[in-house]
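**Q** Contents of target_7.cif (mmCIF, C-alpha atoms) are below:
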```
data_upload
loop_
_atom_site.label_atom_id
_atom_site.label_comp_id
_atom_site.auth_asym_id
_atom_site.auth_seq_id
_atom_site.Cartn_x
_atom_site.Cartn_y
_atom_site.Cartn_z
CA MET A 11 7.88 16.28 9.99
CA LYS A 12 5.07 13.76 9.77
CA ASN A 13 1.48 14.97 9.90
CA THR A 14 0.13 14.20 13.36
CA VAL A 15 -3.53 15.08 12.82
CA PRO A 16 -5.51 11.85 13.25
CA MET A 17 -7.94 11.21 10.45
CA LYS A 18 -10.97 9.06 9.86
CA ILE A 19 -11.63 7.65 6.44
CA GLU A 20 -12.15 10.28 3.73
CA LYS A 21 -13.83 10.16 0.35
CA GLU A 22 -11.42 11.49 -2.24
CA ILE A 23 -13.04 13.64 -4.92
CA ILE A 24 -11.24 13.05 -8.21
CA SER A 25 -11.63 15.53 -11.05
CA PHE A 26 -11.07 14.65 -14.71
CA GLU A 27 -10.40 16.82 -17.72
CA ALA A 28 -13.46 17.14 -19.94
CA GLU A 29 -11.75 15.33 -22.82
CA SER A 30 -10.31 12.47 -20.74
CA SER A 31 -11.76 9.23 -19.34
CA PHE A 32 -8.77 8.63 -17.07
CA LYS A 33 -6.20 10.57 -15.10
CA ILE A 34 -2.47 9.93 -14.76
CA HIS A 35 -0.48 11.89 -12.20
CA THR A 36 2.36 11.71 -9.68
CA PRO A 37 1.02 12.66 -6.24
CA ARG A 38 3.37 13.29 -3.32
CA LEU A 39 1.73 12.90 0.10
CA LYS A 40 4.46 11.25 2.15
CA ASN A 41 3.96 13.55 5.16
CA TYR A 42 0.21 13.07 5.18
CA PHE A 43 -1.84 10.14 6.48
CA PHE A 44 -4.53 9.78 3.79
CA TRP A 45 -6.81 6.83 4.64
CA HIS A 46 -9.38 7.19 1.87
CA TYR A 47 -11.60 5.68 -0.79
CA HIS A 48 -13.13 6.71 -4.11
CA PRO A 49 -15.51 5.14 -6.65
CA GLU A 50 -12.80 5.19 -9.34
CA ILE A 51 -10.64 2.14 -10.08
CA GLU A 52 -6.97 2.94 -9.53
CA ILE A 53 -3.56 1.62 -10.60
CA VAL A 54 -0.66 2.68 -8.36
CA TYR A 55 3.04 2.20 -8.99
CA VAL A 56 5.57 3.22 -6.35
CA GLU A 57 9.34 3.00 -6.69
CA ALA A 58 11.03 3.37 -3.30
CA ILE A 59 13.58 1.74 -1.04
CA ASN A 60 10.81 0.63 1.28
CA GLY A 61 7.15 1.39 1.95
CA ILE A 62 3.83 0.35 3.47
CA SER A 63 0.79 -1.02 1.66
CA HIS A 64 -2.58 -0.86 3.45
CA VAL A 65 -5.47 -1.87 1.17
CA GLY A 66 -8.76 -2.87 2.76
CA LYS A 67 -7.81 -5.08 5.70
CA ASN A 68 -4.42 -6.06 4.25
CA ILE A 69 -1.29 -4.45 5.71
CA SER A 70 2.12 -5.34 4.27
CA GLY A 71 5.46 -3.82 3.33
CA PHE A 72 7.22 -3.58 0.00
CA VAL A 73 10.83 -3.14 -1.09
CA GLY A 74 12.11 -1.64 -4.34
CA ASP A 75 8.85 -1.10 -6.17
CA TYR A 76 5.18 -2.02 -5.97
CA LEU A 77 2.32 -2.24 -8.47
CA VAL A 78 -1.27 -2.58 -7.30
CA LEU A 79 -4.76 -2.45 -8.78
CA ILE A 80 -7.45 -1.16 -6.39
CA GLY A 81 -11.15 -1.49 -7.09
CA PRO A 82 -13.89 1.09 -6.49
CA ASN A 83 -14.59 2.21 -2.92
CA VAL A 84 -11.83 0.09 -1.38
CA PRO A 85 -10.23 2.04 1.50
CA HIS A 86 -6.47 2.39 1.19
CA LEU A 87 -3.60 4.40 2.64
CA ASN A 88 -1.46 6.54 0.36
CA PHE A 89 1.48 4.32 -0.63
CA ASP A 90 4.09 7.00 -0.01
CA TYR A 91 3.00 7.49 3.61
CA GLY A 92 6.03 7.66 5.88
CA ILE A 93 8.63 7.20 3.12
CA GLU A 94 11.71 9.06 4.29
CA THR A 95 13.91 8.54 1.24
CA ALA A 96 13.43 9.66 -2.35
CA TYR A 97 10.72 7.87 -4.32
CA LYS A 98 8.71 7.93 -7.53
CA GLN A 99 4.99 7.33 -7.84
CA ILE A 100 2.62 7.03 -10.81
CA VAL A 101 -1.14 6.82 -10.27
CA ILE A 102 -3.80 6.13 -12.90
CA GLN A 103 -7.45 6.66 -11.97
CA LEU A 104 -10.24 5.53 -14.27
CA ASN A 105 -13.35 7.64 -14.61
CA GLU A 106 -16.26 5.95 -12.84
CA LYS A 107 -17.94 5.34 -16.20
CA PHE A 108 -14.77 4.02 -17.88
CA PRO A 109 -15.51 0.29 -17.33
CA GLU A 110 -19.09 0.60 -18.58
CA ASN A 111 -18.34 2.82 -21.57
CA THR A 112 -15.04 1.32 -22.69
CA ILE A 113 -14.66 -2.23 -21.36
CA ILE A 114 -17.97 -3.89 -20.52
CA SER A 115 -19.60 -3.00 -23.84
CA THR A 116 -16.72 -4.49 -25.87
CA PRO A 117 -16.64 -8.32 -26.13
CA GLU A 118 -12.94 -8.36 -26.98
CA PHE A 119 -12.23 -6.93 -23.52
CA ASN A 120 -13.83 -9.78 -21.54
CA CYS A 121 -10.54 -10.62 -19.81
CA ILE A 122 -10.15 -7.00 -18.73
CA LYS A 123 -13.78 -6.95 -17.58
CA ASN A 124 -13.08 -9.94 -15.34
CA LEU A 125 -9.95 -8.25 -13.99
CA LEU A 126 -11.84 -5.10 -13.06
CA GLU A 127 -14.60 -7.16 -11.42
CA ARG A 128 -11.97 -8.78 -9.17
CA SER A 129 -10.22 -5.52 -8.38
CA TYR A 130 -12.35 -4.92 -5.27
CA LEU A 131 -10.11 -7.47 -3.50
CA GLY A 132 -6.95 -5.48 -4.27
CA LEU A 133 -4.39 -7.12 -6.58
CA SER A 134 -0.62 -6.58 -6.40
CA PHE A 135 1.50 -7.69 -9.36
CA TYR A 136 5.07 -8.93 -9.57
CA GLY A 137 7.62 -10.50 -11.90
CA GLU A 138 7.55 -10.03 -15.66
CA THR A 139 3.97 -8.75 -15.47
CA LYS A 140 5.04 -5.86 -13.30
CA GLU A 141 8.01 -5.07 -15.53
CA LYS A 142 5.89 -4.95 -18.69
CA ALA A 143 3.11 -2.91 -17.09
CA VAL A 144 5.51 -0.41 -15.52
CA LYS A 145 7.29 0.10 -18.83
CA CYS A 146 3.93 1.05 -20.35
CA LEU A 147 3.08 3.28 -17.39
CA LYS A 148 6.27 5.26 -17.82
CA GLU A 149 5.68 5.54 -21.56
CA MET A 150 2.20 6.96 -20.90
CA GLN A 151 3.81 9.98 -19.27
CA GLN A 152 5.59 10.87 -22.50
CA ILE A 153 2.85 10.51 -25.13
CA GLY A 154 -0.41 12.17 -26.15
CA LEU A 155 -3.89 11.49 -24.82
CA PHE A 156 -5.08 9.07 -27.52
CA ASP A 157 -1.89 7.01 -27.47
CA SER A 158 -2.07 7.02 -23.66
CA LEU A 159 -5.53 5.47 -23.84
CA LEU A 160 -4.23 2.69 -26.06
CA LYS A 161 -1.32 2.17 -23.69
CA LEU A 162 -3.74 2.00 -20.74
CA ILE A 163 -5.72 -0.74 -22.50
CA GLU A 164 -2.43 -2.55 -23.07
CA ILE A 165 -1.59 -2.34 -19.36
CA LEU A 166 -5.02 -3.67 -18.37
CA ASN A 167 -4.63 -6.50 -20.87
CA ILE A 168 -1.21 -7.40 -19.44
CA LEU A 169 -2.65 -7.53 -15.92
CA ALA A 170 -5.78 -9.38 -17.02
CA ASN A 171 -3.81 -12.21 -18.63
CA SER A 172 -1.30 -12.67 -15.81
CA ASN A 173 -0.96 -15.22 -13.03
CA GLU A 174 1.77 -13.14 -11.37
CA TYR A 175 -0.35 -11.43 -8.76
CA LYS A 176 -1.29 -11.59 -5.11
CA GLN A 177 -4.87 -11.10 -3.94
CA LEU A 178 -4.60 -8.74 -0.98
CA ASN A 179 -7.99 -9.39 0.65
CA GLN A 180 -10.04 -12.54 1.02
CA GLU A 181 -13.33 -10.70 1.51
CA ASP A 182 -15.18 -7.62 0.35
CA THR A 183 -13.63 -4.61 2.12
CA ARG A 184 -15.35 -1.86 0.20
CA VAL A 185 -16.14 1.25 2.15
CA LYS A 186 -19.40 0.01 3.68
CA PHE A 187 -17.22 -2.15 5.94
CA PHE A 188 -15.41 0.90 7.31
CA LEU A 189 -18.02 3.65 7.39
CA ASN A 190 -18.75 3.12 11.08
CA ASP A 191 -15.05 3.51 11.84
CA LYS A 192 -14.71 4.31 15.53
CA VAL A 193 -10.92 4.22 15.55
CA ARG A 194 -8.86 6.92 13.89
CA LEU A 195 -6.24 4.78 12.19
CA GLY A 196 -4.04 7.84 11.80
CA THR A 197 -3.76 7.96 15.57
CA VAL A 198 -2.61 4.34 15.67
CA TYR A 199 -0.06 4.79 12.88
CA ASN A 200 1.32 8.00 14.36
CA TYR A 201 1.66 6.47 17.82
CA ILE A 202 3.45 3.39 16.50
CA HIS A 203 5.75 5.48 14.31
CA GLU A 204 6.77 7.53 17.33
CA ASN A 205 7.17 4.53 19.64
CA TYR A 206 8.03 1.40 17.62
CA ASP A 207 11.65 1.56 18.81
CA LYS A 208 10.50 1.66 22.44
CA THR A 209 7.64 -0.39 23.89
CA PRO A 210 4.31 0.65 22.33
CA ASN A 211 1.57 0.31 24.93
CA VAL A 212 -1.81 -0.90 23.72
CA ASN A 213 -3.44 0.66 26.79
CA VAL A 214 -2.18 4.09 25.73
CA VAL A 215 -3.50 3.68 22.18
CA ALA A 216 -6.87 2.47 23.43
CA GLU A 217 -7.15 5.51 25.65
CA MET A 218 -6.17 7.79 22.77
CA VAL A 219 -9.08 6.49 20.66
CA HIS A 220 -11.49 6.45 23.61
CA LEU A 221 -12.00 2.69 23.87
CA SER A 222 -11.29 0.16 26.58
CA THR A 223 -8.21 -1.95 25.89
CA SER A 224 -10.23 -5.10 25.25
CA ALA A 225 -12.64 -3.24 22.93
CA PHE A 226 -9.77 -1.68 21.01
CA CYS A 227 -8.01 -5.05 20.58
CA ARG A 228 -11.19 -6.68 19.26
CA TYR A 229 -11.89 -3.80 16.94
CA PHE A 230 -8.33 -3.55 15.60
CA LYS A 231 -8.25 -7.29 14.86
CA LYS A 232 -11.60 -7.04 13.07
CA GLN A 233 -10.43 -4.11 10.94
CA THR A 234 -6.98 -5.44 9.98
CA ASP A 235 -7.06 -9.23 10.52
CA ILE A 236 -4.00 -8.91 12.78
CA THR A 237 -3.47 -8.06 16.44
CA PHE A 238 -2.01 -4.79 17.64
CA THR A 239 1.18 -6.62 18.68
CA ASP A 240 1.47 -8.22 15.23
CA PHE A 241 1.03 -4.80 13.63
CA VAL A 242 3.77 -3.30 15.81
CA ASN A 243 6.11 -6.15 14.88
CA GLN A 244 5.30 -5.78 11.18
CA TYR A 245 6.03 -2.06 11.42
CA ARG A 246 9.34 -2.75 13.19
CA ILE A 247 10.38 -5.32 10.60
CA ASN A 248 9.43 -2.90 7.81
CA GLN A 249 11.70 -0.25 9.37
CA ALA A 250 14.43 -2.86 9.75
CA LYS A 251 14.28 -3.66 6.03
CA THR A 252 15.22 -0.08 5.22
CA LEU A 253 18.16 -0.11 7.64
CA LEU A 254 19.38 -3.44 6.23
CA LEU A 255 20.04 -1.72 2.91
CA TYR A 256 22.74 0.39 4.54
CA ASP A 257 25.99 -0.34 6.30
CA VAL A 258 24.45 -1.10 9.71
CA SER A 259 25.00 -4.32 11.65
CA ILE A 260 22.04 -6.65 12.15
CA SER A 261 22.35 -6.53 15.93
CA GLU A 262 22.33 -2.72 15.89
CA ILE A 263 19.30 -2.72 13.60
CA ALA A 264 17.41 -5.11 15.87
CA TYR A 265 17.92 -2.84 18.87
CA ASN A 266 17.19 0.30 16.85
CA VAL A 267 13.73 -0.97 15.87
CA GLY A 268 12.81 -2.11 19.37
CA PHE A 269 13.88 -5.75 19.75
CA ASP A 270 15.79 -6.78 22.88
CA SER A 271 16.56 -10.27 21.55
CA ILE A 272 18.64 -10.75 18.39
CA PRO A 273 17.52 -14.40 17.97
CA TYR A 274 13.86 -13.37 18.24
CA PHE A 275 14.39 -10.58 15.71
CA ASN A 276 16.01 -13.03 13.28
CA LYS A 277 13.22 -15.58 13.80
CA LEU A 278 10.41 -13.06 13.36
CA PHE A 279 12.09 -11.50 10.31
CA LYS A 280 12.29 -14.94 8.67
CA ILE A 281 8.61 -15.61 9.42
CA LEU A 282 7.36 -12.26 8.08
CA VAL A 283 9.74 -11.75 5.16
CA GLY A 284 10.49 -15.33 4.14
CA GLU A 285 14.26 -15.00 4.46
CA THR A 286 16.80 -14.12 7.14
CA PRO A 287 18.01 -10.53 7.65
CA THR A 288 21.37 -11.52 6.17
CA GLU A 289 19.77 -13.07 3.10
CA PHE A 290 17.57 -10.00 2.66
CA LYS A 291 20.56 -7.67 3.02
CA ASN A 292 22.60 -9.57 0.45
CA ARG A 293 19.72 -9.77 -2.03
CA HIS A 294 18.72 -6.11 -1.79
CA LYS A 295 21.98 -4.34 -0.98
CA SER A 296 22.13 -2.82 -4.46
CA VAL A 297 18.68 -1.23 -4.06
CA ALA A 298 19.88 1.66 -1.89
CA ASN A 299 22.58 2.49 -4.41
CA SER A 300 20.10 2.45 -7.30
CA LYS A 301 17.67 4.94 -5.70
CA LEU A 302 18.15 8.62 -5.11
CA ILE A 303 18.51 9.19 -1.36
#
```
In structure tokens, write the structure found in this file.
**A**
Amino acid sequence: MKNTVPMKIEKEIISFEAESSFKIHTPRLKNYFFWHYHPEIEIVYVEAINGISHVGKNISGFVGDYLVLIGPNVPHLNFDYGIETAYKQIVIQLNEKFPENTIISTPEFNCIKNLLERSYLGLSFYGETKEKAVKCLKEMQQIGLFDSLLKLIEILNILANSNEYKQLNQEDTRVKFFLNDKVRLGTVYNYIHENYDKTPNVNVVAEMVHLSTSAFCRYFKKQTDITFTDFVNQYRINQAKTLLLYDVSISEIAYNVGFDSIPYFNKLFKILVGETPTEFKNRHKSVANSKLI
């Protein structure tokens, strides 16, 4: 059962052990909408059949696994939100003083310093970079504190010297941008999750968050860089990607996620994902078998 309590943005209070300058843990919040920020820099790795990434103003989906670096005070949604299959998650959070005490004061770490300075835009990594960094992340869970610190520096160095990344935001979306948040994004997500397979009504959502329809549409576009309709379609396509990994026909999937037209579903899927549903299904069909359901 998904949490249905709408939430405004929260400041997460992160505690660290007295002898540690970073924290590595495996949170599980899939039934909770946690739209939050914190002054600590964070590395998140999620391994799942499918999921949602919402960092700053950027909303996107991921398949298989996802590695992202999030700078201080950048609002983001927990990456396991709404995941309905088994998943794994590793999160590293750097003490607020970590960059100053460990990185900035050390000339040999200039590349890492530059990486952390860019992290406020949100950076997702792919390819060989992701593979190398994830291998180190998993090793960190099995070794002692000092060796983990060295491994963390190795991860940051891998990310700092890579061109295999996507910048998630084009502007500064640190929390000052969201502090006057009038719309409870949890309300929007919950409504769409309950109605994406029907016909989500923007008038209903606007009323739920106590705005006129035109005011809500302007505000939602300002906060996410996409329209409400685009967000609904992205959510539908994200749900479709999960179904495509199973033995379900494309036409049945299209109807199940709310599309009346198969050609339109195919066209929109190609625009948003970069390949047709059939191509996606063939390329990822082994994913479902490789994850614990």
**Q** Have a look at CA of Thr183 in chain A and CA of Gly66 in chain A and let me know their distance in Å, one decimal.
**A**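 Answer for the CA of Thr183 in chain A to CA of Gly66 in chain A separation: 5.2 Å.
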**Q** Would you translate the PyMOL selection byres ((chain A and resi 151) around 12) into the concrete set of residues it matches in this file, as a CSV table (one decimal) with C-alpha atoms, in the frame of the given file?
**A**
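Wrote part.csv, looks like this:
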```csv
chain,number,residue,atom,x,y,z
A,33,LYS,CA,-6.2,10.6,-15.1
A,34,ILE,CA,-2.5,9.9,-14.8
A,35,HIS,CA,-0.5,11.9,-12.2
A,36,THR,CA,2.4,11.7,-9.7
A,99,GLN,CA,5.0,7.3,-7.8
A,100,ILE,CA,2.6,7.0,-10.8
A,101,VAL,CA,-1.1,6.8,-10.3
A,102,ILE,CA,-3.8,6.1,-12.9
A,144,VAL,CA,5.5,-0.4,-15.5
A,145,LYS,CA,7.3,0.1,-18.8
A,146,CYS,CA,3.9,1.0,-20.4
A,147,LEU,CA,3.1,3.3,-17.4
A,148,LYS,CA,6.3,5.3,-17.8
A,149,GLU,CA,5.7,5.5,-21.6
A,150,MET,CA,2.2,7.0,-20.9
A,152,GLN,CA,5.6,10.9,-22.5
A,153,ILE,CA,2.8,10.5,-25.1
A,154,GLY,CA,-0.4,12.2,-26.2
A,155,LEU,CA,-3.9,11.5,-24.8
A,157,ASP,CA,-1.9,7.0,-27.5
A,158,SER,CA,-2.1,7.0,-23.7
A,159,LEU,CA,-5.5,5.5,-23.8
A,161,LYS,CA,-1.3,2.2,-23.7
A,162,LEU,CA,-3.7,2.0,-20.7
```
**Q** Which residues are near range 272-289 of chain A? Cut-off 12 Å, all atoms listed in the file, ignore same chain within fewer than 6 positions. Put them as a VMD selection string.
**A** chain A and resid 69 to 73 240 to 241 243 to 255 258 to 266 295
**Q** Check the smallest atom-to-atom distance from each of A:Lys67, A:Leu104, A:Pro85, A:Glu164 to Thr237 in chain A using all atoms listed in the file, then report the winner.
**A** A:Lys67
**Q** Figure out the distance between CA of Asn83 in chain A and CA of Pro49 in chain A, please, to one decimal in Å.
**A**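 About the pair CA of Pro49 in chain A and CA of Asn83 in chain A: they are 4.8 Å apart.
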**Q** Please indicate the distance in Å from CA of Thr209 in chain A to CA of Leu87 in chain A, rounded to one decimal place.
**A**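 Straight-line distance from CA of Thr209 in chain A to CA of Leu87 in chain A works out to 24.5 Å.
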**Q** Hey, what's within 7 Å of Lys40 in chain A if we count only C-alpha atoms and toss same-chain stuff fewer than 5 positions away? As an mmCIF file with C-alpha atoms, in the frame of the given file, please?
**A**
```cif
data_model
loop_
_atom_site.group_PDB
_atom_site.id
_atom_site.type_symbol
_atom_site.label_atom_id
_atom_site.label_comp_id
_atom_site.auth_asym_id
_atom_site.auth_seq_id
_atom_site.Cartn_x
_atom_site.Cartn_y
_atom_site.Cartn_z
ATOM 1 C CA ASP A 90 4.090 7.000 -0.010
ATOM 2 C CA TYR A 91 3.000 7.490 3.610
ATOM 3 C CA GLY A 92 6.030 7.660 5.880
ATOM 4 C CA ILE A 93 8.630 7.200 3.120
#
```
**Q** Show me the residues close to (-3.6, -8.7, -4.1) - anything with an atom within 8 Å, counting only C-alpha atoms - and format the list as a PyMOL selection string.
**A** chain A and resi 78-79+131-135+175-179
**Q** Could you please take those selected residues and save C-alpha atoms as a PDB file, in the frame of the given file?
**A**
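That gives us part_12.pdb:
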```
ATOM      1  CA  VAL A  78      -1.270  -2.580  -7.300  1.00  0.00           C
ATOM      2  CA  LEU A  79      -4.760  -2.450  -8.780  1.00  0.00           C
ATOM      3  CA  LEU A 131     -10.110  -7.470  -3.500  1.00  0.00           C
ATOM      4  CA  GLY A 132      -6.950  -5.480  -4.270  1.00  0.00           C
ATOM      5  CA  LEU A 133      -4.390  -7.120  -6.580  1.00  0.00           C
ATOM      6  CA  SER A 134      -0.620  -6.580  -6.400  1.00  0.00           C
ATOM      7  CA  PHE A 135       1.500  -7.690  -9.360  1.00  0.00           C
ATOM      8  CA  TYR A 175      -0.350 -11.430  -8.760  1.00  0.00           C
ATOM      9  CA  LYS A 176      -1.290 -11.590  -5.110  1.00  0.00           C
ATOM     10  CA  GLN A 177      -4.870 -11.100  -3.940  1.00  0.00           C
ATOM     11  CA  LEU A 178      -4.600  -8.740  -0.980  1.00  0.00           C
ATOM     12  CA  ASN A 179      -7.990  -9.390   0.650  1.00  0.00           C
TER      13      ASN A 179
END
```
**Q** Closest to His220 in chain A among A:Asn60, A:Thr239, A:Thr234, A:Thr197, using all atoms listed in the file?
**A** A:Thr197
**Q** Of the candidates A:Ala170, A:Val242, A:Leu221, A:Val65, which one gets nearest to Tyr199 in chain A if we count all atoms listed in the file?
**A**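 When distances to Tyr199 in chain A are compared using all atoms listed in the file, the smallest one comes from A:Val242.
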**Q** Kindly indicate which residue among A:Gln233, A:Asn124, A:Asn200, A:Asn205 lies nearest to Leu169 in chain A, using all atoms listed in the file for the distances.
**A**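 Of all the options, A:Asn124 lies closest to Leu169 in chain A.
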**Q** Skipping near chain neighbours, those fewer than 2 positions away, what residues fall within 7 Å of Arg184 in chain A using all atoms listed in the file, listed as an MDAnalysis selection string?
**A** chainID A and resid 83:85 130 182 186:187
**Q** Keeping only C-alpha atoms, take the residues you just selected and write them out as a PDB file, in the coordinates of the input.
**A**
```
ATOM      1  CA  ASN A  83     -14.590   2.210  -2.920  1.00  0.00           C
ATOM      2  CA  VAL A  84     -11.830   0.090  -1.380  1.00  0.00           C
ATOM      3  CA  PRO A  85     -10.230   2.040   1.500  1.00  0.00           C
ATOM      4  CA  TYR A 130     -12.350  -4.920  -5.270  1.00  0.00           C
ATOM      5  CA  ASP A 182     -15.180  -7.620   0.350  1.00  0.00           C
ATOM      6  CA  LYS A 186     -19.400   0.010   3.680  1.00  0.00           C
ATOM      7  CA  PHE A 187     -17.220  -2.150   5.940  1.00  0.00           C
TER       8      PHE A 187
END
```
**Q** Find, counting all atoms listed in the file, the residue in A:Arg194, A:Arg293, A:Lys140, A:Lys232 that gets nearest to Asn173 in chain A.
**A**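 Between A:Arg194, A:Arg293, A:Lys140, A:Lys232, the residue approaching Asn173 in chain A most closely is A:Lys140.
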**Q** May I ask which of the residues A:Ser172, A:Asn88, A:Ser129, A:Asn213 is the closest one to Pro109 in chain A, counting all atoms listed in the file?
**A**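 Nearest candidate to Pro109 in chain A out of A:Ser172, A:Asn88, A:Ser129, A:Asn213: A:Ser129.
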**Q** Applying the PyMOL selection byres ((chain A and resi 22) around 12) to the file I just gave you, which residues come out? Please list them as a ChimeraX atom specification.
**A** /A:19-21,23-25,44-50,82-88,103
**Q** Residues at most 6 Å from Asp75 in chain A, counting only C-alpha atoms, excluding those fewer than 2 positions away in the same chain, as a PyMOL selection string?
**A** chain A and resi 56-58+73
**Q** Please define a box with edges along x, y and z of the file around all atoms of range 47-60 of chain A given in the file, extend it by 4 Å on each side, and return its centre and edge lengths in Å to one decimal, as JSON.
**A**
```
{"center_x": -1.0, "center_y": 3.7, "center_z": -4.7, "size_x": 37.1, "size_y": 14.1, "size_z": 19.9}
```
**Q** The residues within 12 Å of (-12.0, -2.8, 15.6), using all atoms listed in the file and the coordinates of the file, should be reported as a ChimeraX atom specification; which are they?
**A** /A:67,187-188,190-195,198,216,219,221-238
**Q** Next, the residues of the selection above should be written as a JSON list (two decimals), keeping the file's coordinate frame with C-alpha atoms.
**A**
```json
[["chain", "number", "residue", "atom", "x", "y", "z"],
["A", 67, "LYS", "CA", -7.81, -5.08, 5.70],
["A", 187, "PHE", "CA", -17.22, -2.15, 5.94],
["A", 188, "PHE", "CA", -15.41, 0.90, 7.31],
["A", 190, "ASN", "CA", -18.75, 3.12, 11.08],
["A", 191, "ASP", "CA", -15.05, 3.51, 11.84],
["A", 192, "LYS", "CA", -14.71, 4.31, 15.53],
["A", 193, "VAL", "CA", -10.92, 4.22, 15.55],
["A", 194, "ARG", "CA", -8.86, 6.92, 13.89],
["A", 195, "LEU", "CA", -6.24, 4.78, 12.19],
["A", 198, "VAL", "CA", -2.61, 4.34, 15.67],
["A", 216, "ALA", "CA", -6.87, 2.47, 23.43],
["A", 219, "VAL", "CA", -9.08, 6.49, 20.66],
["A", 221, "LEU", "CA", -12.00, 2.69, 23.87],
["A", 222, "SER", "CA", -11.29, 0.16, 26.58],
["A", 223, "THR", "CA", -8.21, -1.95, 25.89],
["A", 224, "SER", "CA", -10.23, -5.10, 25.25],
["A", 225, "ALA", "CA", -12.64, -3.24, 22.93],
["A", 226, "PHE", "CA", -9.77, -1.68, 21.01],
["A", 227, "CYS", "CA", -8.01, -5.05, 20.58],
["A", 228, "ARG", "CA", -11.19, -6.68, 19.26],
["A", 229, "TYR", "CA", -11.89, -3.80, 16.94],
["A", 230, "PHE", "CA", -8.33, -3.55, 15.60],
["A", 231, "LYS", "CA", -8.25, -7.29, 14.86],
["A", 232, "LYS", "CA", -11.60, -7.04, 13.07],
["A", 233, "GLN", "CA", -10.43, -4.11, 10.94],
["A", 234, "THR", "CA", -6.98, -5.44, 9.98],
["A", 235, "ASP", "CA", -7.06, -9.23, 10.52],
["A", 236, "ILE", "CA", -4.00, -8.91, 12.78],
["A", 237, "THR", "CA", -3.47, -8.06, 16.44],
["A", 238, "PHE", "CA", -2.01, -4.79, 17.64]]
```
